[in-house]
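Engineer: Below is my_file12.txt; it holds compact mmCIF, C-alpha atoms and all ligand atoms.
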# COMPACT_ATOMS: atom_id res chain seq x y z
CA MET A 104 -21.80 6.16 -15.41
CA ILE A 105 -19.79 9.25 -14.49
CA TYR A 106 -16.66 7.97 -12.77
CA THR A 107 -14.84 10.16 -10.30
CA GLU A 108 -11.76 11.57 -12.03
CA ASN A 109 -10.57 14.02 -9.39
CA PHE A 110 -9.59 13.78 -5.75
CA THR A 111 -12.00 16.64 -5.00
CA GLY A 112 -14.74 14.15 -5.97
CA VAL A 113 -13.52 11.80 -3.22
CA LYS A 114 -13.50 14.63 -0.68
CA ASP A 115 -17.05 15.60 -1.69
CA PHE A 116 -18.13 11.98 -1.25
CA GLN A 117 -16.42 11.48 2.09
CA GLY A 118 -17.31 14.92 3.46
CA ILE A 119 -15.10 17.36 5.33
CA SER A 120 -14.18 16.05 8.75
CA LEU A 121 -13.32 18.28 11.69
CA ARG A 122 -10.60 15.78 12.53
CA GLY A 123 -9.06 16.31 9.09
CA ILE A 124 -9.08 20.08 9.48
CA ALA A 125 -7.47 19.87 12.95
CA ARG A 126 -4.83 17.48 11.60
CA ASP A 127 -4.06 19.86 8.73
CA ILE A 128 -3.52 22.78 11.12
CA ALA A 129 -1.32 20.68 13.41
CA LEU A 130 0.74 19.41 10.47
CA ASN A 131 1.23 22.94 9.12
CA LEU A 132 2.75 23.89 12.47
CA LEU A 133 4.87 20.75 12.71
CA THR A 134 6.23 20.81 9.20
CA THR A 135 7.62 24.33 9.58
CA ARG A 136 9.78 22.94 12.41
CA ASN A 137 10.79 19.76 10.57
CA THR A 138 14.44 20.63 10.13
CA LEU A 139 14.74 21.55 13.80
CA LEU A 140 13.22 18.22 14.83
CA GLY A 141 15.80 16.29 12.84
CA LEU A 142 13.28 14.73 10.48
CA GLU A 143 15.47 15.57 7.48
CA GLU A 144 18.15 13.45 9.12
CA ALA A 145 15.65 10.61 9.63
CA LEU A 146 15.14 10.36 5.86
CA LYS A 147 18.80 9.40 5.45
CA LYS A 148 18.46 6.43 7.79
CA PRO A 149 19.15 3.00 6.22
CA ARG A 150 15.76 1.28 6.18
CA ILE A 151 13.06 -0.18 3.98
CA GLN A 152 9.95 1.93 3.89
CA PHE A 153 6.87 0.63 2.12
CA LEU A 154 4.65 3.40 0.76
CA PHE A 155 1.24 2.68 -0.69
CA ILE A 156 -1.38 4.56 -2.63
CA HIS A 157 -4.92 3.83 -3.76
CA HIS A 158 -5.16 6.31 -6.61
CA VAL A 159 -3.55 9.07 -8.60
CA PHE A 160 -6.43 11.16 -9.94
CA ASP A 161 -6.01 13.84 -12.64
CA ASP A 162 -5.63 16.56 -10.00
CA GLU A 163 -2.94 14.52 -8.19
CA ILE A 164 -0.61 13.78 -11.10
CA GLU A 165 1.64 16.83 -10.67
CA LYS A 166 1.82 16.38 -6.91
CA PHE A 167 2.66 12.69 -7.21
CA GLU A 168 5.47 13.53 -9.62
CA ARG A 169 6.80 16.19 -7.20
CA LEU A 170 6.77 13.62 -4.39
CA LEU A 171 8.73 11.10 -6.47
CA LYS A 172 11.26 13.78 -7.36
CA GLU A 173 11.69 14.69 -3.68
CA LEU A 174 12.01 11.06 -2.52
CA ALA A 175 14.45 10.18 -5.31
CA LYS A 176 16.95 12.64 -3.80
CA ASN A 177 17.97 10.25 -1.03
CA HIS A 178 16.17 6.95 -1.64
CA THR A 179 16.61 3.92 -3.86
CA PHE A 180 13.33 2.52 -5.17
CA ILE A 181 13.04 -1.28 -5.09
CA SER A 182 10.28 -3.74 -5.95
CA HIS A 183 8.10 -5.38 -3.29
CA SER A 184 9.85 -8.72 -3.90
CA GLU A 185 13.28 -7.14 -3.59
CA ALA A 186 12.22 -5.33 -0.40
CA VAL A 187 10.96 -8.58 1.14
CA ARG A 188 14.15 -10.40 0.11
CA ARG A 189 16.37 -7.72 1.67
CA LEU A 190 14.28 -7.61 4.83
CA LEU A 191 14.44 -11.35 5.39
CA LEU A 192 18.22 -11.32 4.94
CA GLY A 193 18.68 -8.15 7.01
CA ASP A 194 20.43 -6.62 3.98
CA ILE A 195 19.51 -2.96 4.44
CA ASP A 196 22.53 -0.81 3.70
CA LYS A 197 20.83 2.47 2.72
CA PRO A 198 17.39 4.15 2.53
CA TYR A 199 15.05 2.13 0.33
CA ILE A 200 11.44 2.76 -0.66
CA SER A 201 9.09 0.15 -2.08
CA TRP A 202 5.77 1.17 -3.63
CA SER A 203 2.48 -0.68 -3.63
CA SER A 204 -1.12 0.18 -4.45
CA ASP A 205 -4.38 -1.35 -3.26
CA ASP A 206 -7.80 -1.85 -4.88
CA GLY A 207 -6.96 -1.75 -8.60
CA PHE A 208 -8.38 1.57 -9.79
CA LYS A 209 -7.73 2.35 -13.44
CA ASN A 210 -6.04 5.65 -12.60
CA ASN A 211 -3.16 3.58 -11.17
CA LEU A 212 -1.94 3.33 -14.76
CA LYS A 213 -1.02 7.01 -14.50
CA ALA A 214 0.72 6.34 -11.20
CA ALA A 215 2.69 3.55 -12.88
CA GLU A 216 3.85 5.88 -15.66
CA ILE A 217 5.14 8.42 -13.15
CA LEU A 218 6.84 5.75 -11.02
CA GLU A 219 8.54 4.37 -14.12
CA ARG A 220 9.97 7.81 -14.92
CA TYR A 221 11.83 7.60 -11.59
CA GLY A 222 12.95 4.00 -12.06
CA ALA A 223 10.40 2.74 -9.54
CA ASN A 224 7.91 -0.07 -9.86
CA CYS A 225 4.88 -1.00 -7.85
CA CYS A 226 3.08 -4.05 -6.47
CA PHE A 227 -0.64 -3.79 -7.25
CA PHE A 228 -2.80 -5.61 -4.70
CA LEU A 229 -5.99 -6.58 -6.53
CA ASN A 230 -9.44 -7.97 -5.82
CA PRO A 231 -10.25 -10.26 -8.78
CA VAL A 232 -13.99 -9.56 -8.37
CA SER A 233 -13.63 -5.92 -9.46
CA ILE A 234 -11.22 -6.31 -12.39
CA GLY A 235 -12.82 -5.20 -15.65
CA VAL A 236 -16.33 -4.81 -14.19
CA LYS A 237 -18.47 -2.46 -16.28
CA ASP A 238 -21.79 -2.75 -14.43
CA ASP A 239 -22.47 0.79 -13.17
CA TYR A 240 -24.69 -0.21 -10.28
CA TRP A 241 -22.22 -2.87 -9.10
CA VAL A 242 -19.24 -0.47 -9.30
CA LYS A 243 -21.14 2.21 -7.36
CA GLU A 244 -22.19 -0.24 -4.64
CA PHE A 245 -18.79 -1.93 -4.37
CA CYS A 246 -16.88 1.37 -4.21
CA SER A 247 -19.26 2.76 -1.61
CA GLU A 248 -19.72 -0.35 0.56
CA ARG A 249 -16.29 -1.97 0.38
CA LEU A 250 -13.91 0.90 -0.41
CA ARG A 251 -15.71 3.91 1.10
CA MET A 252 -15.27 5.72 -2.20
CA PRO A 253 -17.42 7.30 -4.92
CA PRO A 254 -17.65 5.28 -8.19
CA ILE A 255 -14.16 4.92 -9.71
CA GLU A 256 -13.28 2.93 -12.82
CA PHE A 257 -11.37 -0.32 -12.23
CA MET A 258 -8.54 -1.79 -14.27
CA ASN A 259 -9.32 -4.60 -16.70
CA TRP A 260 -7.17 -7.69 -17.31
CA ASN A 261 -5.42 -6.04 -20.28
CA ASP A 262 -4.34 -3.22 -17.97
CA VAL A 263 -3.06 -5.76 -15.44
CA HIS A 264 -1.05 -7.59 -18.10
CA GLU A 265 0.31 -4.31 -19.43
CA LEU A 266 1.52 -3.36 -15.93
CA GLN A 267 3.24 -6.73 -15.58
CA LYS A 268 4.94 -6.32 -18.96
CA ARG A 269 6.27 -2.99 -17.76
CA GLY A 270 7.89 -4.64 -14.73
CA HIS A 271 5.26 -4.15 -12.02
CA GLU A 272 4.13 -6.88 -9.65
CA ILE A 273 0.64 -8.16 -8.83
CA GLY A 274 -0.45 -9.20 -5.35
CA SER A 275 -3.59 -10.53 -3.70
CA HIS A 276 -6.00 -8.32 -1.70
CA THR A 277 -8.72 -11.01 -1.17
CA VAL A 278 -11.34 -11.93 -3.76
CA ASN A 279 -14.03 -9.47 -2.63
CA HIS A 280 -12.34 -6.94 -0.33
CA THR A 281 -14.14 -8.49 2.63
CA ASN A 282 -12.98 -7.69 6.14
CA ILE A 283 -11.02 -10.74 7.30
CA ILE A 284 -12.29 -10.57 10.88
CA ASP A 285 -15.86 -10.99 9.64
CA MET A 286 -14.90 -14.40 8.18
CA SER A 287 -14.43 -17.82 9.80
CA SER A 288 -10.94 -19.31 9.56
CA THR A 289 -12.21 -21.74 6.89
CA GLU A 290 -13.58 -18.83 4.87
CA VAL A 291 -10.29 -16.94 5.22
CA HIS A 292 -8.37 -20.03 4.09
CA ASP A 293 -10.64 -20.55 1.08
CA ASP A 294 -10.50 -16.89 0.08
CA LEU A 295 -6.68 -16.79 0.28
CA VAL A 296 -6.49 -19.91 -1.91
CA GLU A 297 -9.16 -18.76 -4.39
CA CYS A 298 -7.73 -15.25 -4.82
CA LYS A 299 -4.26 -16.71 -5.43
CA ALA A 300 -5.64 -19.24 -7.95
CA ILE A 301 -7.67 -16.68 -9.94
CA LEU A 302 -4.79 -14.22 -10.13
CA GLU A 303 -2.24 -16.93 -10.93
CA LYS A 304 -4.33 -18.22 -13.82
CA LYS A 305 -4.17 -14.74 -15.37
CA CYS A 306 -0.81 -13.44 -14.14
CA GLY A 307 1.55 -16.26 -13.11
CA PRO A 308 2.88 -16.79 -9.56
CA ILE A 309 1.31 -14.53 -6.90
CA LEU A 310 3.54 -14.27 -3.84
CA HIS A 311 2.37 -11.22 -1.93
CA PHE A 312 -0.76 -10.55 0.09
CA ALA A 313 -2.16 -7.38 1.67
CA TYR A 314 -5.37 -7.63 3.66
CA PRO A 315 -8.24 -5.14 3.20
CA TYR A 316 -8.57 -2.10 5.51
CA GLY A 317 -5.11 -2.88 6.86
CA ARG A 318 -5.29 -1.97 10.55
CA PHE A 319 -4.12 -4.52 13.12
CA PHE A 320 -7.71 -4.85 14.37
CA ASP A 321 -8.81 -5.88 10.84
CA PHE A 322 -6.71 -9.06 11.06
CA ASN A 323 -5.52 -11.72 13.50
CA LYS A 324 -2.85 -14.33 14.16
CA THR A 325 -4.89 -17.19 12.65
CA ALA A 326 -5.23 -15.35 9.35
CA PHE A 327 -1.56 -14.31 9.46
CA ASP A 328 -0.46 -17.96 9.77
CA LEU A 329 -2.87 -19.05 7.01
CA VAL A 330 -1.34 -16.55 4.54
CA PHE A 331 1.96 -18.45 4.65
CA ARG A 332 0.41 -21.90 4.93
CA VAL A 333 -1.39 -21.46 1.59
CA GLY A 334 1.83 -20.36 -0.11
CA TYR A 335 2.24 -16.59 -0.01
CA ASP A 336 5.70 -15.17 0.76
CA SER A 337 4.65 -11.91 2.41
CA CYS A 338 1.81 -10.27 4.31
CA SER A 339 1.28 -6.50 4.37
CA THR A 340 -0.67 -4.22 6.68
CA ALA A 341 -1.66 -0.58 6.26
CA GLU A 342 -0.22 0.29 9.68
CA ARG A 343 2.33 3.08 9.64
CA GLY A 344 5.94 2.15 10.30
CA CYS A 345 9.12 1.17 8.58
CA HIS A 346 11.70 -1.58 8.66
CA ILE A 347 15.27 -1.74 9.82
CA SER A 348 17.72 -4.66 9.93
CA THR A 349 17.61 -7.36 12.53
CA SER A 350 20.93 -8.93 13.56
CA ALA A 351 19.71 -12.41 12.49
CA PRO A 352 17.76 -13.28 9.33
CA ILE A 353 13.97 -13.35 9.74
CA HIS A 354 11.88 -16.26 8.51
CA LYS A 355 9.25 -15.22 5.96
CA ASN A 356 6.36 -16.35 8.15
CA GLU A 357 7.48 -13.97 10.90
CA LEU A 358 7.61 -10.79 8.82
CA PHE A 359 4.55 -8.50 9.07
CA ILE A 360 5.03 -5.57 6.71
CA ARG A 361 4.08 -2.04 7.76
CA ARG A 362 3.16 0.43 5.04
CA ASP A 363 2.72 4.20 5.11
CA GLN A 364 -0.26 5.42 3.13
CA VAL A 365 0.33 8.30 0.75
CA ILE A 366 -2.40 10.44 -0.79
CA ALA A 367 -0.71 12.45 -3.51
CA ALA A 368 -3.21 15.30 -3.01
CA TRP A 369 -1.82 15.96 0.46
CA LYS A 370 0.71 18.77 0.82
CA LEU A 371 4.24 17.59 0.01
CA GLY A 372 5.51 18.81 3.40
CA HIS A 373 2.85 16.79 5.20
CA ILE A 374 3.66 13.59 3.30
CA MET A 375 7.37 14.05 3.96
CA HIS A 376 6.54 14.60 7.63
CA PHE A 377 4.68 11.25 7.84
CA ILE A 378 7.49 9.45 6.02
CA ALA A 379 10.18 11.00 8.21
CA GLN A 380 8.21 10.28 11.39
CA SER A 381 8.00 6.60 10.50
CA ALA A 382 11.69 6.54 9.66
CA LYS A 383 12.56 8.24 12.92
CA LYS A 384 10.47 5.82 14.98
CA ALA A 385 11.73 2.70 13.14
CA ASP A 386 11.96 -0.12 15.60
CA LEU A 387 12.86 -3.80 15.26
CA ARG A 388 9.43 -4.74 16.63
CA SER A 389 7.91 -3.28 13.44
CA ASN A 390 9.11 -6.42 11.62
CA PHE A 391 6.81 -8.71 13.56
CA ILE A 392 3.15 -9.23 14.60
CA PRO A 393 1.96 -6.82 17.30
CA ASP A 394 1.84 -7.85 20.97
CA GLU A 395 -1.97 -7.91 20.94
CA TYR A 396 -1.94 -10.90 18.53
CA THR A 397 -0.10 -13.18 20.95
ZN ZN A 401 -8.24 -2.17 -0.07
Written as structure tokens, that's how I'd like the structure from this file.
Ligand SMILES: [Zn+2]

Structural biologist:
Amino acid sequence: MIYTENFTGVKDFQGISLRGIARDIALNLLTTRNTLLGLEEALKKPRIQFLFIHHVFDDEIEKFERLLKELAKNHTFISHSEAVRRLLLGDIDKPYISWSSDDGFKNNLKAAEILERYGANCCFFLNPVSIGVKDDYWVKEFCSERLRMPPIEFMNWNDVHELQKRGHEIGSHTVNHTNIIDMSSTEVHDDLVECKAILEKKCGPILHFAYPYGRFFDFNKTAFDLVFRVGYDSCSTAERGCHISTSAPIHKNELFIRRDQVIAAWKLGHIMHFIAQSAKKADLRSNFIPDEYT
């Protein structure tokens, strides 16, 4: 099996979209006016911003390092657990960033090395079904059907243990990367329990959950409540946004974490624009479930 080692391989697989080209042109225009729009100022705002990646391919390593260097200028990196703890207490005295990564690709080991150089760690949200799988056909199908990706090598359990030893956290991303809204509430319950049990047997306590695909419409209130009922401490989306302090502490089963996706291959100015936009728009409502769930 030839695994995809470069982000260009992902672009070839996914194809060039007109939407992507239009967005690139618009962002080029916007980012030249960033300073004027006060986005630089937004980055200094006390907040907790969760950033997440899926991969750092060989052709993204340098860019990822440059991003870390840029962010380290005015942010403190904290773990997912520490970010959740601070959020629940409303203890947000300066700009914080917390990193996570979904889907468990092997190239995340390179991401971890770079993060470590900047004193950051990461919470890796894993699907137990894909860890250490060597079957070429299975990997190709799973990557294509579930992750919308070309074949990419997955971590094995030794890699997972190594990451833990180096101070990173492990979280649950469902057993099979199935879309939650395609499951009955019993199936969701069982999956949340099973994923936690499999990961805990290998890794110790698993407290954090991020659901696959990550948009609000990929989840619902029933599933949100189940996450806490079966014993997780946090639930993460892939909806853009960031978190600021509430005047009163939040209970853990109220907090619905927003995360900004980062693709290291994107231009640094564009990534900083997304991050600053989220910071600028930070709103107390971003701590909770969206109106459409109620
Ligand atoms: Zn995923």

Engineer: For CA of Gly372 in chain A and CA of Leu170 in chain A, quote the distance in Å rounded to one decimal.

Structural biologist: 9.4 Å

Engineer: If we count only C-alpha atoms and set the cut-off at 9 Å, which residues sit around Leu154 in chain A, ignoring sequence neighbours fewer than 3 positions away in its own chain? Please answer as an NGL selection string.

Structural biologist: :A and (200-204 or 361-365 or 378)

Engineer: Excluding Lys355 in chain A and any residue of its chain fewer than 4 positions from it, enumerate the residues within 10 Å of it, using only C-alpha atoms, and give them as a PyMOL selection string.

Structural biologist: chain A and resi 187-188+190-192+331+335-338+359

Engineer: Which residues form the shell of 7 Å around ligand ZN 401 (chain A) when you count only C-alpha atoms and all ligand atoms, given as a ChimeraX atom specification?

Structural biologist: /A:205-206,250,276,280,315-316

Engineer: Kindly provide, as AutoDock Vina command-line options, the centre and edge lengths (Å, one decimal) of an axis-aligned box around all atoms of range 143-148 of chain A given in the file, with 3 Å on each side.

Structural biologist:
--center_x 17.0 --center_y 11.0 --center_z 7.5 --size_x 9.7 --size_y 15.1 --size_z 10.2

Engineer: Counting all atoms listed in the file, what is within 7 Å of range 324-329 of chain A, bar same-chain residues fewer than 6 positions away, as an NGL selection string?

Structural biologist: :A and (288 or 291-292 or 396)

Engineer: What gap, in Å, lies between CA of Lys166 in chain A and CA of Ala368 in chain A?

Structural biologist: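 Computing it gives 6.5 Å between the two atoms.
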
Engineer: Rounded to one decimal in Å, what is the spacing between CA of Ser182 in chain A and CA of Asn224 in chain A?

Structural biologist: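 The value is 5.9 Å.
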
Engineer: Write out as a ChimeraX atom specification which residues come within 9 Å of Arg249 in chain A when counting all atoms listed in the file, dropping same-chain ones fewer than 3 positions away.

Structural biologist: /A:244-246,252,279-282

Engineer: List the neighbours of Ile374 in chain A out to 12 Å using only C-alpha atoms; skip same-chain residues closer than 3 positions along the sequence, and give me the result as a ChimeraX atom specification.

Structural biologist: /A:127,130-131,133-134,137,154-156,166-167,169-171,173-174,363-371,377-381

Engineer: Compare A:Phe180, A:Cys225, A:Tyr199, A:His373 by their minimum atom-to-atom distance to Ala129 in chain A, counting all atoms listed in the file, and give me the closest one.

Structural biologist: A:His373

Engineer: Which is closer to Ala215 in chain A than all the others in A:Gln267, A:Thr289, A:Asn323, A:Thr277, using only C-alpha atoms?

Structural biologist: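 Going through A:Gln267, A:Thr289, A:Asn323, A:Thr277 one by one, the smallest distance to Ala215 in chain A is for A:Gln267.
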
Engineer: Out of A:Glu272, A:Glu185, A:Asp194, A:Asp262, which residue has the shortest atom-to-atom distance to Phe228 in chain A when counting all atoms listed in the file?

Structural biologist: A:Glu272

Engineer: Of the residues A:Met258, A:Ile283, A:Ile151, A:Ile124, which is the one nearest to Ile360 in chain A, using only C-alpha atoms?

Structural biologist: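 Looking at the shortest contact to Ile360 in chain A, the residue is A:Ile151.
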
Engineer: Go through A:Asn210, A:Ser184, A:Thr397, A:Ser350 and flag the residue nearest His311 in chain A, using only C-alpha atoms for the distances.

Structural biologist: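 For His311 in chain A, the nearest of the given residues is A:Ser184.
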